[in-house]
file upload34.csv (CSV, C-alpha atoms)
chain,number,residue,atom,x,y,z
V,13,MET,CA,-80.3,178.0,-145.4
V,14,SER,CA,-82.6,180.4,-143.4
V,15,TYR,CA,-81.0,183.3,-141.6
V,16,PRO,CA,-82.2,184.8,-138.4
V,17,VAL,CA,-83.9,188.2,-138.7
V,18,ASP,CA,-82.6,191.2,-136.8
V,19,ARG,CA,-85.9,192.0,-135.1
V,20,ARG,CA,-84.9,195.5,-133.9
V,21,GLY,CA,-83.6,196.5,-137.3
V,22,PHE,CA,-86.8,195.1,-138.9
V,23,LEU,CA,-89.0,197.1,-136.5
V,24,ARG,CA,-87.0,200.3,-137.1
V,25,SER,CA,-87.5,200.1,-140.8
V,26,THR,CA,-91.1,199.0,-140.8
V,27,GLY,CA,-91.9,201.4,-138.0
V,28,ALA,CA,-90.6,204.4,-139.9
V,29,GLY,CA,-92.6,203.6,-142.9
V,30,ALA,CA,-95.7,203.0,-140.9
V,31,ALA,CA,-95.4,206.3,-139.1
V,32,ALA,CA,-95.5,208.0,-142.4
V,33,LEU,CA,-98.9,206.5,-142.8
V,34,GLY,CA,-100.0,207.2,-139.3
V,35,LEU,CA,-100.0,203.5,-138.4
V,36,GLY,CA,-96.7,203.2,-136.5
V,37,GLY,CA,-98.2,202.5,-133.1
V,38,ALA,CA,-100.5,199.7,-134.3
V,39,LEU,CA,-97.7,197.9,-136.2
V,40,ALA,CA,-95.3,198.2,-133.3
V,41,SER,CA,-97.7,196.6,-130.9
V,42,CYS,CA,-99.1,193.9,-133.2
V,43,GLY,CA,-96.9,193.1,-136.1
V,44,GLY,CA,-93.7,192.4,-134.2
V,45,SER,CA,-95.2,189.5,-132.3
V,46,ASP,CA,-95.6,187.5,-135.5
V,47,ALA,CA,-91.8,187.3,-136.1
V,48,PRO,CA,-90.5,183.9,-135.1
V,49,SER,CA,-87.7,183.8,-132.6
V,50,THR,CA,-84.5,181.9,-133.3
V,51,THR,CA,-83.1,179.4,-130.8
V,52,THR,CA,-79.4,179.1,-130.6
V,53,LEU,CA,-78.2,175.6,-129.6
V,54,THR,CA,-74.7,175.0,-128.4
V,55,TRP,CA,-73.0,171.9,-129.7
V,56,TRP,CA,-69.8,170.2,-128.6
V,57,ASP,CA,-67.8,167.4,-130.4
V,58,TYR,CA,-64.2,166.2,-130.9
V,59,PHE,CA,-64.0,166.1,-134.7
V,60,THR,CA,-61.1,168.5,-134.9
V,61,LEU,CA,-59.2,167.1,-138.0
V,62,ASP,CA,-59.4,169.1,-141.2
V,63,ASN,CA,-60.9,166.2,-143.2
V,64,PHE,CA,-64.0,166.2,-140.9
V,65,GLN,CA,-64.8,169.9,-141.4
V,66,PRO,CA,-66.6,169.8,-144.8
V,67,GLY,CA,-69.0,167.1,-143.7
V,68,MET,CA,-69.7,168.8,-140.4
V,69,THR,CA,-70.2,172.2,-142.0
V,70,ARG,CA,-72.6,170.7,-144.4
V,71,LEU,CA,-74.6,168.9,-141.7
V,72,ILE,CA,-75.0,172.1,-139.6
V,73,LYS,CA,-76.1,174.1,-142.7
V,74,ASP,CA,-78.6,171.4,-143.5
V,75,ILE,CA,-79.9,171.4,-139.9
V,76,GLU,CA,-80.3,175.2,-139.9
V,77,ALA,CA,-82.1,175.1,-143.2
V,78,GLY,CA,-84.3,172.2,-142.3
V,79,VAL,CA,-85.2,172.7,-138.6
V,80,PRO,CA,-87.3,175.9,-138.2
V,81,ASN,CA,-85.8,178.8,-136.3
V,82,VAL,CA,-82.6,177.2,-135.1
V,83,ARG,CA,-79.0,178.2,-135.1
V,84,ILE,CA,-76.1,176.0,-134.2
V,85,GLU,CA,-73.1,177.3,-132.2
V,86,ARG,CA,-70.4,174.6,-132.5
V,87,ARG,CA,-67.3,174.1,-130.3
V,88,THR,CA,-64.7,171.4,-130.7
V,89,PHE,CA,-62.3,169.8,-128.2
V,90,PRO,CA,-59.5,167.2,-128.6
V,91,PHE,CA,-60.8,163.7,-128.3
V,92,ALA,CA,-59.3,163.1,-124.8
V,93,GLU,CA,-60.7,166.4,-123.5
V,94,LEU,CA,-64.4,166.3,-124.4
V,95,GLU,CA,-65.6,164.1,-121.6
V,96,ARG,CA,-63.5,166.0,-119.1
V,97,GLN,CA,-64.9,169.3,-120.3
V,98,ILE,CA,-68.5,168.0,-119.9
V,99,THR,CA,-67.7,166.9,-116.4
V,100,LEU,CA,-66.1,170.2,-115.5
V,101,GLY,CA,-69.1,172.0,-117.1
V,102,ALA,CA,-71.4,170.4,-114.6
V,103,ILE,CA,-69.5,172.4,-111.9
V,104,SER,CA,-69.1,175.7,-113.9
V,105,GLY,CA,-72.5,175.6,-115.5
V,106,ASP,CA,-70.9,175.8,-118.9
V,107,LEU,CA,-72.6,172.9,-120.8
V,108,PRO,CA,-73.8,172.5,-124.3
V,109,ASP,CA,-77.3,171.6,-125.4
V,110,ILE,CA,-76.1,168.9,-127.7
V,111,ALA,CA,-72.9,166.8,-127.8
V,112,ILE,CA,-71.5,164.0,-129.8
V,113,VAL,CA,-69.6,161.7,-127.5
V,114,ASP,CA,-67.6,158.5,-127.8
V,115,ASN,CA,-69.9,155.5,-127.0
V,116,VAL,CA,-67.5,154.5,-124.1
V,117,SER,CA,-68.3,157.8,-122.4
V,118,MET,CA,-71.8,156.6,-121.8
V,119,ASN,CA,-70.3,154.6,-118.9
V,120,THR,CA,-69.2,157.7,-117.1
V,121,LEU,CA,-71.7,160.3,-118.3
V,122,GLY,CA,-74.7,158.0,-118.1
V,123,GLY,CA,-74.6,157.7,-114.4
V,124,SER,CA,-74.0,161.3,-113.6
V,125,ASP,CA,-77.5,162.8,-114.3
V,126,LEU,CA,-75.9,165.1,-116.8
V,127,LEU,CA,-77.6,163.5,-119.8
V,128,ALA,CA,-81.2,164.1,-120.6
V,129,ASP,CA,-83.5,161.1,-120.4
V,130,LEU,CA,-84.8,160.6,-124.0
V,131,THR,CA,-86.9,157.5,-123.2
V,132,GLY,CA,-90.3,159.1,-123.6
V,133,ARG,CA,-89.3,161.0,-126.7
V,134,VAL,CA,-87.9,157.9,-128.4
V,135,GLU,CA,-91.0,155.9,-127.6
V,136,GLU,CA,-93.1,158.6,-129.3
V,137,TRP,CA,-90.7,158.8,-132.2
V,138,GLY,CA,-91.0,155.0,-132.8
V,139,GLN,CA,-87.8,154.4,-134.7
V,140,ALA,CA,-85.7,152.5,-132.1
V,141,ASP,CA,-86.1,149.2,-134.0
V,142,GLN,CA,-84.3,150.7,-137.0
V,143,TYR,CA,-81.0,150.5,-135.2
V,144,TYR,CA,-78.6,147.6,-134.8
V,145,LYS,CA,-78.7,146.1,-131.4
V,146,GLY,CA,-75.2,146.8,-130.3
V,147,PRO,CA,-75.2,150.6,-131.1
V,148,TRP,CA,-78.7,150.9,-129.6
V,149,ASP,CA,-77.7,149.0,-126.4
V,150,GLY,CA,-74.8,151.4,-126.1
V,151,CYS,CA,-77.3,154.2,-125.5
V,152,GLN,CA,-79.2,152.4,-122.8
V,153,VAL,CA,-78.2,153.1,-119.2
V,154,GLY,CA,-80.2,152.0,-116.2
V,155,GLY,CA,-83.2,151.2,-118.3
V,156,ARG,CA,-83.3,154.6,-119.8
V,157,THR,CA,-82.4,155.8,-123.3
V,158,LEU,CA,-79.8,158.5,-122.9
V,159,GLY,CA,-78.6,159.0,-126.5
V,160,ILE,CA,-79.1,158.2,-130.2
V,161,PRO,CA,-76.3,156.3,-132.1
V,162,ASN,CA,-74.4,158.7,-134.4
V,163,GLN,CA,-72.3,156.3,-136.3
V,164,SER,CA,-70.7,152.9,-135.7
V,165,ASN,CA,-67.5,151.0,-136.4
V,166,CYS,CA,-66.1,147.6,-135.3
V,167,LEU,CA,-63.1,145.4,-135.9
V,168,ALA,CA,-62.4,142.8,-138.5
V,169,LEU,CA,-59.5,140.9,-140.0
V,170,TYR,CA,-57.6,142.3,-143.0
V,171,TYR,CA,-55.4,140.1,-145.1
V,172,ASN,CA,-52.9,140.5,-147.9
V,173,THR,CA,-54.4,138.5,-150.8
V,174,ARG,CA,-51.1,137.6,-152.5
V,175,MET,CA,-49.4,136.5,-149.3
V,176,LEU,CA,-52.2,134.1,-148.5
V,177,GLN,CA,-52.3,132.7,-152.0
V,178,ASP,CA,-48.5,132.1,-152.1
V,179,ALA,CA,-48.7,130.3,-148.7
V,180,ALA,CA,-51.8,128.3,-149.8
V,181,VAL,CA,-53.7,129.7,-146.8
V,182,GLU,CA,-57.4,130.4,-146.6
V,183,PRO,CA,-58.7,133.4,-144.7
V,184,PRO,CA,-59.1,132.0,-141.1
V,185,THR,CA,-62.5,131.7,-139.5
V,186,THR,CA,-61.6,130.1,-136.2
V,187,TRP,CA,-58.9,130.6,-133.5
V,188,ALA,CA,-57.3,127.4,-134.6
V,189,GLU,CA,-57.2,128.5,-138.2
V,190,LEU,CA,-55.9,131.9,-137.2
V,191,ALA,CA,-53.0,130.4,-135.2
V,192,SER,CA,-52.1,128.1,-138.1
V,193,ALA,CA,-52.4,130.8,-140.7
V,194,ALA,CA,-50.3,133.3,-138.7
V,195,GLU,CA,-47.6,130.8,-138.2
V,196,ARG,CA,-47.4,129.8,-141.9
V,197,LEU,CA,-47.5,133.4,-143.0
V,198,THR,CA,-44.6,134.4,-140.7
V,199,SER,CA,-41.3,134.8,-142.7
V,200,GLY,CA,-38.2,136.8,-142.0
V,201,ASP,CA,-39.1,140.2,-140.7
V,202,ARG,CA,-42.8,139.7,-141.7
V,203,TYR,CA,-45.2,138.6,-138.9
V,204,GLY,CA,-48.3,136.6,-139.7
V,205,LEU,CA,-50.5,138.8,-137.6
V,206,ALA,CA,-50.4,142.4,-136.3
V,207,LEU,CA,-52.8,143.8,-133.6
V,208,SER,CA,-52.7,146.6,-131.0
V,209,ALA,CA,-52.1,145.6,-127.4
V,210,ILE,CA,-51.1,149.0,-126.2
V,211,ARG,CA,-51.8,149.9,-122.6
V,212,THR,CA,-54.7,152.2,-123.4
V,213,GLU,CA,-58.4,151.8,-124.4
V,214,GLU,CA,-57.2,151.2,-127.9
V,215,GLY,CA,-55.5,148.0,-126.8
V,216,VAL,CA,-58.5,146.9,-124.7
V,217,PHE,CA,-60.8,147.6,-127.7
V,218,GLN,CA,-58.8,145.0,-129.6
V,219,PHE,CA,-58.6,142.5,-126.8
V,220,LEU,CA,-62.2,142.3,-125.7
V,221,PRO,CA,-63.4,140.4,-128.8
V,222,PHE,CA,-61.1,137.6,-127.8
V,223,LEU,CA,-62.6,137.5,-124.3
V,224,TRP,CA,-66.1,137.5,-125.8
V,225,GLN,CA,-65.3,134.9,-128.4
V,226,ALA,CA,-64.0,132.6,-125.7
V,227,GLY,CA,-67.6,132.7,-124.3
V,228,GLY,CA,-66.8,135.0,-121.4
V,229,ASP,CA,-67.1,138.6,-120.3
V,230,LEU,CA,-65.4,140.9,-117.7
V,231,ASP,CA,-67.2,139.2,-114.9
V,232,THR,CA,-65.6,135.8,-115.8
V,233,PHE,CA,-62.1,137.3,-116.5
V,234,ALA,CA,-60.3,134.9,-114.1
V,235,THR,CA,-61.2,132.0,-116.4
V,236,ASP,CA,-62.2,133.2,-119.8
V,237,GLY,CA,-59.7,136.1,-119.6
V,238,ALA,CA,-57.0,133.5,-119.0
V,239,THR,CA,-58.2,131.6,-122.1
V,240,ALA,CA,-58.0,134.7,-124.3
V,241,LEU,CA,-54.6,135.8,-122.9
V,242,SER,CA,-53.2,132.3,-123.4
V,243,PHE,CA,-54.2,132.3,-127.0
V,244,LEU,CA,-52.4,135.6,-127.7
V,245,ASP,CA,-49.4,134.5,-125.6
V,246,GLY,CA,-49.2,131.4,-127.8
V,247,LEU,CA,-49.0,133.6,-131.0
V,248,VAL,CA,-46.1,135.6,-129.5
V,249,ALA,CA,-44.4,132.4,-128.3
V,250,LYS,CA,-44.4,131.0,-131.9
V,251,GLY,CA,-43.2,134.2,-133.4
V,252,SER,CA,-46.4,134.8,-135.3
V,253,LEU,CA,-47.2,138.0,-133.4
V,254,SER,CA,-44.5,140.6,-132.4
V,255,GLU,CA,-44.1,141.3,-128.7
V,256,GLN,CA,-43.7,144.9,-129.9
V,257,CYS,CA,-47.5,145.0,-130.3
V,258,VAL,CA,-47.7,146.1,-126.6
V,259,GLY,CA,-46.6,149.5,-127.9
V,260,TRP,CA,-48.6,149.7,-131.1
V,261,THR,CA,-51.6,151.9,-131.7
V,262,GLN,CA,-54.1,150.8,-134.3
V,263,GLN,CA,-52.5,153.2,-136.7
V,264,ASP,CA,-49.1,151.5,-136.1
V,265,VAL,CA,-50.7,148.2,-136.9
V,266,ASN,CA,-52.0,149.5,-140.2
V,267,THR,CA,-48.6,150.9,-141.1
V,268,ARG,CA,-47.0,147.5,-140.7
V,269,PHE,CA,-49.7,146.0,-142.8
V,270,LEU,CA,-49.2,148.7,-145.5
V,271,ASN,CA,-45.4,148.0,-145.4
V,272,GLN,CA,-46.2,144.3,-145.9
V,273,ARG,CA,-44.5,143.4,-142.7
V,274,ALA,CA,-47.7,141.7,-141.5
V,275,ALA,CA,-49.9,139.4,-143.6
V,276,LEU,CA,-52.9,139.8,-141.4
V,277,GLN,CA,-54.1,142.7,-139.2
V,278,ILE,CA,-57.0,143.4,-136.9
V,279,ASN,CA,-58.3,146.9,-137.5
V,280,GLY,CA,-61.4,149.0,-138.3
V,281,PRO,CA,-63.1,150.5,-141.3
V,282,TRP,CA,-61.4,153.9,-140.7
V,283,GLN,CA,-58.3,152.4,-142.3
V,284,ILE,CA,-60.0,151.7,-145.6
V,285,PRO,CA,-59.3,155.1,-147.3
V,286,THR,CA,-55.5,154.7,-146.7
V,287,LEU,CA,-55.5,151.0,-147.7
V,288,LYS,CA,-57.1,151.9,-151.0
V,289,GLU,CA,-53.9,153.7,-151.9
V,290,ALA,CA,-51.8,150.5,-151.2
V,291,ASP,CA,-49.9,148.9,-154.1
V,292,PHE,CA,-51.1,145.4,-153.3
V,293,ASP,CA,-54.4,143.6,-153.1
V,294,TRP,CA,-56.1,143.1,-149.8
V,295,ALA,CA,-59.5,142.0,-148.5
V,296,VAL,CA,-61.3,141.8,-145.1
V,297,VAL,CA,-63.2,139.0,-143.3
V,298,ALA,CA,-65.0,138.7,-139.9
V,299,LEU,CA,-62.8,138.1,-136.9
V,300,PRO,CA,-62.1,134.4,-136.3
V,301,ARG,CA,-64.3,132.9,-133.6
V,302,ASP,CA,-63.8,130.5,-130.8
V,303,LYS,CA,-67.0,129.5,-128.9
V,304,GLU,CA,-68.9,132.4,-130.5
V,305,ALA,CA,-68.6,135.3,-132.9
V,306,ALA,CA,-68.0,138.7,-131.5
V,307,THR,CA,-66.4,142.1,-132.3
V,308,CYS,CA,-66.1,145.3,-130.4
V,309,LEU,CA,-68.4,148.3,-131.1
V,310,GLY,CA,-66.9,151.7,-131.7
V,311,GLY,CA,-68.4,154.9,-132.7
V,312,GLU,CA,-70.3,157.9,-131.2
V,313,ASN,CA,-73.6,158.8,-129.8
V,314,TRP,CA,-75.7,162.0,-129.8
V,315,VAL,CA,-76.7,163.2,-126.4
V,316,LEU,CA,-78.6,166.1,-124.9
V,317,MET,CA,-77.7,167.8,-121.6
V,318,ALA,CA,-80.4,167.6,-118.9
V,319,SER,CA,-79.6,171.2,-118.0
V,320,SER,CA,-80.5,172.5,-121.4
V,321,ASP,CA,-83.2,175.2,-121.6
V,322,HIS,CA,-84.1,174.1,-125.1
V,323,LEU,CA,-84.6,170.3,-124.9
V,324,ASP,CA,-87.6,170.3,-127.3
V,325,LYS,CA,-85.7,172.1,-130.0
V,326,ALA,CA,-82.5,170.1,-129.4
V,327,TRP,CA,-84.5,166.9,-129.7
V,328,GLU,CA,-86.0,168.2,-133.0
V,329,VAL,CA,-82.4,168.6,-134.2
V,330,LEU,CA,-81.5,165.0,-133.2
V,331,GLU,CA,-84.6,163.7,-135.0
V,332,TYR,CA,-83.7,165.7,-138.1
V,333,THR,CA,-80.2,164.3,-138.2
V,334,GLN,CA,-81.5,160.7,-138.4
V,335,ARG,CA,-83.5,161.3,-141.6
V,336,PRO,CA,-81.9,159.1,-144.3
V,337,SER,CA,-81.5,162.1,-146.7
V,338,VAL,CA,-79.5,164.0,-144.0
V,339,LEU,CA,-77.7,161.1,-142.4
V,340,THR,CA,-76.4,159.3,-145.5
V,341,PRO,CA,-74.3,162.1,-147.0
V,342,TYR,CA,-73.0,163.0,-143.5
V,343,LEU,CA,-71.8,159.4,-142.8
V,344,VAL,CA,-70.3,159.1,-146.3
V,345,SER,CA,-68.3,162.3,-145.9
V,346,PHE,CA,-66.9,161.0,-142.6
V,347,GLY,CA,-66.2,157.5,-144.0
V,348,ASN,CA,-68.4,156.0,-141.2
V,349,LEU,CA,-70.9,153.1,-141.0
V,350,PRO,CA,-74.5,153.7,-140.2
V,351,ALA,CA,-75.9,152.5,-137.0
V,352,ARG,CA,-79.3,152.2,-138.7
V,353,LYS,CA,-80.3,149.0,-140.4
V,354,ASP,CA,-82.5,150.8,-142.9
V,355,LEU,CA,-79.5,152.5,-144.4
V,356,ALA,CA,-77.6,149.3,-145.2
V,357,ASP,CA,-78.4,149.6,-148.9
V,358,ARG,CA,-77.5,153.3,-149.2
V,359,GLY,CA,-74.2,155.2,-149.5
V,360,ALA,CA,-70.7,153.9,-150.2
V,361,TRP,CA,-71.2,150.9,-147.9
V,362,ALA,CA,-73.9,149.6,-150.2
V,363,SER,CA,-71.3,148.8,-153.0
V,364,ASP,CA,-67.9,148.6,-151.3
V,365,PRO,CA,-67.2,145.0,-150.3
V,366,ALA,CA,-64.9,146.0,-147.4
V,367,LEU,CA,-67.5,148.4,-145.9
V,368,ARG,CA,-70.3,145.8,-146.4
V,369,LEU,CA,-68.2,143.3,-144.5
V,370,PHE,CA,-67.9,145.7,-141.5
V,371,LEU,CA,-71.6,146.5,-141.7
V,372,SER,CA,-72.4,142.8,-141.6
V,373,GLN,CA,-70.6,142.5,-138.3
V,374,LEU,CA,-72.6,145.1,-136.5
V,375,PRO,CA,-75.2,142.6,-135.3
V,376,VAL,CA,-72.4,140.8,-133.3
V,377,ALA,CA,-70.6,144.0,-132.3
V,378,ARG,CA,-70.8,144.6,-128.5
V,379,PRO,CA,-70.7,147.9,-126.7
V,380,ARG,CA,-68.4,148.4,-123.8
V,381,GLN,CA,-71.2,149.2,-121.4
V,382,TYR,CA,-70.0,148.3,-117.9
V,383,GLY,CA,-70.9,151.3,-115.7
V,384,ALA,CA,-69.2,154.4,-114.3
V,385,HIS,CA,-66.1,152.5,-113.2
V,386,TYR,CA,-65.4,150.9,-116.5
V,387,ALA,CA,-62.1,152.8,-116.8
V,388,ASP,CA,-60.7,151.0,-113.8
V,389,ALA,CA,-61.8,147.6,-115.3
V,390,SER,CA,-60.3,148.6,-118.6
V,391,GLN,CA,-56.9,149.5,-117.0
V,392,ALA,CA,-56.8,146.1,-115.3
V,393,VAL,CA,-57.4,144.3,-118.6
V,394,ALA,CA,-54.7,146.4,-120.3
V,395,GLU,CA,-52.2,145.6,-117.5
V,396,ALA,CA,-52.9,141.9,-117.7
V,397,GLU,CA,-52.4,141.8,-121.4
V,398,GLN,CA,-49.1,143.8,-121.1
V,399,ALA,CA,-47.9,141.4,-118.4
V,400,VAL,CA,-48.6,138.3,-120.4
V,401,LEU,CA,-47.3,139.4,-123.8
V,402,THR,CA,-44.0,140.8,-122.3
V,403,GLY,CA,-43.5,137.5,-120.4
V,404,SER,CA,-43.7,139.0,-116.9
V,405,ALA,CA,-46.7,136.9,-115.8
V,406,ALA,CA,-48.4,133.7,-116.8
V,407,PRO,CA,-51.9,134.1,-118.4
V,408,SER,CA,-53.7,132.4,-115.4
V,409,ALA,CA,-51.9,134.5,-112.8
V,410,ALA,CA,-52.4,137.8,-114.7
V,411,ALA,CA,-56.1,137.0,-115.3
V,412,ARG,CA,-56.7,136.3,-111.6
V,413,THR,CA,-55.0,139.5,-110.6
V,414,ALA,CA,-57.0,141.5,-113.1
V,415,ALA,CA,-60.2,139.8,-112.1
V,416,VAL,CA,-60.0,141.1,-108.5
V,417,LYS,CA,-59.7,144.7,-109.8
V,418,ILE,CA,-62.4,144.1,-112.4
V,419,ASP,CA,-64.9,142.6,-110.0
V,420,LYS,CA,-64.3,145.6,-107.7
V,421,ALA,CA,-65.0,148.1,-110.5
V,422,LEU,CA,-68.1,146.2,-111.7
V,423,GLY,CA,-69.4,145.9,-108.2
V,424,GLU,CA,-69.4,149.7,-107.9
V,425,ARG,CA,-71.9,150.1,-110.7
call {"tool": "encode", "arguments": {"input": "upload34.csv", "output": "structure tokens"}}
result
Amino acid sequence: MSYPVDRRGFLRSTGAGAAALGLGGALASCGGSDAPSTTTLTWWDYFTLDNFQPGMTRLIKDIEAGVPNVRIERRTFPFAELERQITLGAISGDLPDIAIVDNVSMNTLGGSDLLADLTGRVEEWGQADQYYKGPWDGCQVGGRTLGIPNQSNCLALYYNTRMLQDAAVEPPTTWAELASAAERLTSGDRYGLALSAIRTEEGVFQFLPFLWQAGGDLDTFATDGATALSFLDGLVAKGSLSEQCVGWTQQDVNTRFLNQRAALQINGPWQIPTLKEADFDWAVVALPRDKEAATCLGGENWVLMASSDHLDKAWEVLEYTQRPSVLTPYLVSFGNLPARKDLADRGAWASDPALRLFLSQLPVARPRQYGAHYADASQAVAEAEQAVLTGSAAPSAAARTAAVKIDKALGER
């Protein structure tokens, strides 16, 4: 690691020595200009948990050692606060040079002129084709590149190996097979399937794959949304999926799977470290498909603030973080998947079967890229799912009601 030089102290010491030789004035006027100046870049993220700190500390030390004359000043916020702080910073003038933001935040921040346009820099860099389509698309807003994928994740289907073997059930690959498997695997207080349908973005994150697998999208929610809602409603009606899923986070879902009160669960790769401590065998497969295969893209993006006075140096840092020698140990330390295709054969994901499965799904992982009013559309989806799974509305009626709100939100893009 290179440390910044205290220029005034340096000049005091060299000046005193030079004065003894009668050369003080010459060195003071010429020699000082050769000392490189250090640029301090402010950096915001929401990785506040203790387990993230060693990897982040190592990354910043690596950057400060590898990028000439740069120092990183890092500040963290709770996950739910970062986007709000960036928005408030636009008013107060307190904004970072660099930030790592949730990829869903591109919907709001991307249309605010807060993020620097990286299109020209990326074209000159020439590495855009090294990224999986979903993560890269998640950085594109209005025809401009406003970020670089930091890391990625998606959803897949975990299963309890012994439970499936005892029930003579094969891992499902289609909706029909999923419904049949979930029904056969349901027994006593054990449900065949667990998933999150909580009334937050977490629940929407888990619902959207069903909408896409039905061949639809938010703009066809009245019809394809009804199809997806009907499928989930059928699982609850048969007792294969607990109605309590409307209050479960993804962590709650994993807990039920760990307690062997669910034979199947929909979840992400961030659960793998905990599952490796389980006292039973499990495996993971792609989400079952209907008309097409799809999963939901999660993860973060690097962004630069348009207001930064140090955009060139900040871009230099972003470029440096994407070098395989830098990016691989960082992603491994976080337990994350790479958004870059050229890293598929490196790191833990190269040898771990579960991680490789998730990595194989990134080509069909879709970003939630729907414009500045996505939060309104997401809320409508969550309300529809809650209404259907609690029995307060039929799938078709709930989908039509939600579609009106969704169409309004999408129309304001």
call {"tool": "atom_distance", "arguments": {"input": "upload34.csv", "atom1": "CA of Asn172 in chain V", "atom2": "CA of Ala209 in chain V"}}
result
21.1 Å
call {"tool": "atom_distance", "arguments": {"input": "upload34.csv", "atom1": "CA of Gly259 in chain V", "atom2": "CA of Phe59 in chain V"}}
result
25.0 Å
call {"tool": "residues_near_point", "arguments": {"input": "upload34.csv", "point": "(-90.4, 160.8, -125.5)", "cutoff": "12 Å", "atoms": "all atoms listed in the file", "output": "MDAnalysis selection string"}}
result
chainID V and resid 128:140 156:159 323:324 327:328 331
call {"tool": "closest_atom_pairs", "arguments": {"input": "upload34.csv", "of": "range 297-336 of chain V", "to": "range 70-92 of chain V", "cutoff": "9 Å", "atoms": "only C-alpha atoms", "output": "JSON lines"}}
result
{"residue": "V:Lys325", "atom": "CA", "partner": "V:Val82", "partner_atom": "CA", "distance": 7.9}
{"residue": "V:Glu328", "atom": "CA", "partner": "V:Val79", "partner_atom": "CA", "distance": 7.2}
{"residue": "V:Val329", "atom": "CA", "partner": "V:Val79", "partner_atom": "CA", "distance": 6.6}
{"residue": "V:Tyr332", "atom": "CA", "partner": "V:Ile75", "partner_atom": "CA", "distance": 7.1}
{"residue": "V:Thr333", "atom": "CA", "partner": "V:Ile75", "partner_atom": "CA", "distance": 7.3}
call {"tool": "residues_around", "arguments": {"input": "upload34.csv", "residues": "range 243-252 of chain V", "least_positions_apart": "5", "cutoff": "7 Å", "atoms": "all atoms listed in the file", "output": "list in words"}}
result
Ala191, Ala194, Glu195, Thr198, Tyr203, Gly204, Leu205, Val400 and Leu401 of chain V
call {"tool": "closest_residue", "arguments": {"input": "upload34.csv", "among": "V:His322, V:Gly403, V:Leu371, V:Phe233", "to": "Thr51 in chain V", "atoms": "all atoms listed in the file"}}
result
V:His322
call {"tool": "residues_near_point", "arguments": {"input": "upload34.csv", "point": "(-60.3, 131.6, -132.0)", "cutoff": "10 Å", "atoms": "all atoms listed in the file", "output": "number ranges by chain"}}
result
V: 184-191, 221-223, 225-226, 240, 243-244, 299-305
call {"tool": "closest_residue", "arguments": {"input": "upload34.csv", "among": "V:Ala399, V:Leu270, V:Ala392, V:Leu197", "to": "Glu255 in chain V", "atoms": "all atoms listed in the file"}}
result
V:Ala399
call {"tool": "residues_around", "arguments": {"input": "upload34.csv", "residues": "Val315 in chain V", "least_positions_apart": "5", "cutoff": "7 Å", "atoms": "all atoms listed in the file", "output": "JSON, numbers by chain"}}
result
{"V": [110, 111, 112, 127, 158, 159, 160]}
call {"tool": "residues_around", "arguments": {"input": "upload34.csv", "residues": "Arg202 in chain V", "least_positions_apart": "6", "cutoff": "8 Å", "atoms": "all atoms listed in the file", "output": "ChimeraX atom specification"}}
result
/V:272-275
call {"tool": "closest_residue", "arguments": {"input": "upload34.csv", "among": "V:Thr69, V:Gly311, V:Leu126, V:Ser242", "to": "Pro341 in chain V", "atoms": "only C-alpha atoms"}}
result
V:Thr69
call {"tool": "closest_residue", "arguments": {"input": "upload34.csv", "among": "V:Ser319, V:Ser345, V:Ser408, V:Ser254", "to": "Thr239 in chain V", "atoms": "only C-alpha atoms"}}
result
V:Ser408
call {"tool": "atom_distance", "arguments": {"input": "upload34.csv", "atom1": "CA of Leu422 in chain V", "atom2": "CA of Gly154 in chain V"}}
result
14.2 Å
call {"tool": "closest_residue", "arguments": {"input": "upload34.csv", "among": "V:Ser199, V:Gln391, V:Asn348, V:Ser372", "to": "Gln283 in chain V", "atoms": "all atoms listed in the file"}}
result
V:Asn348
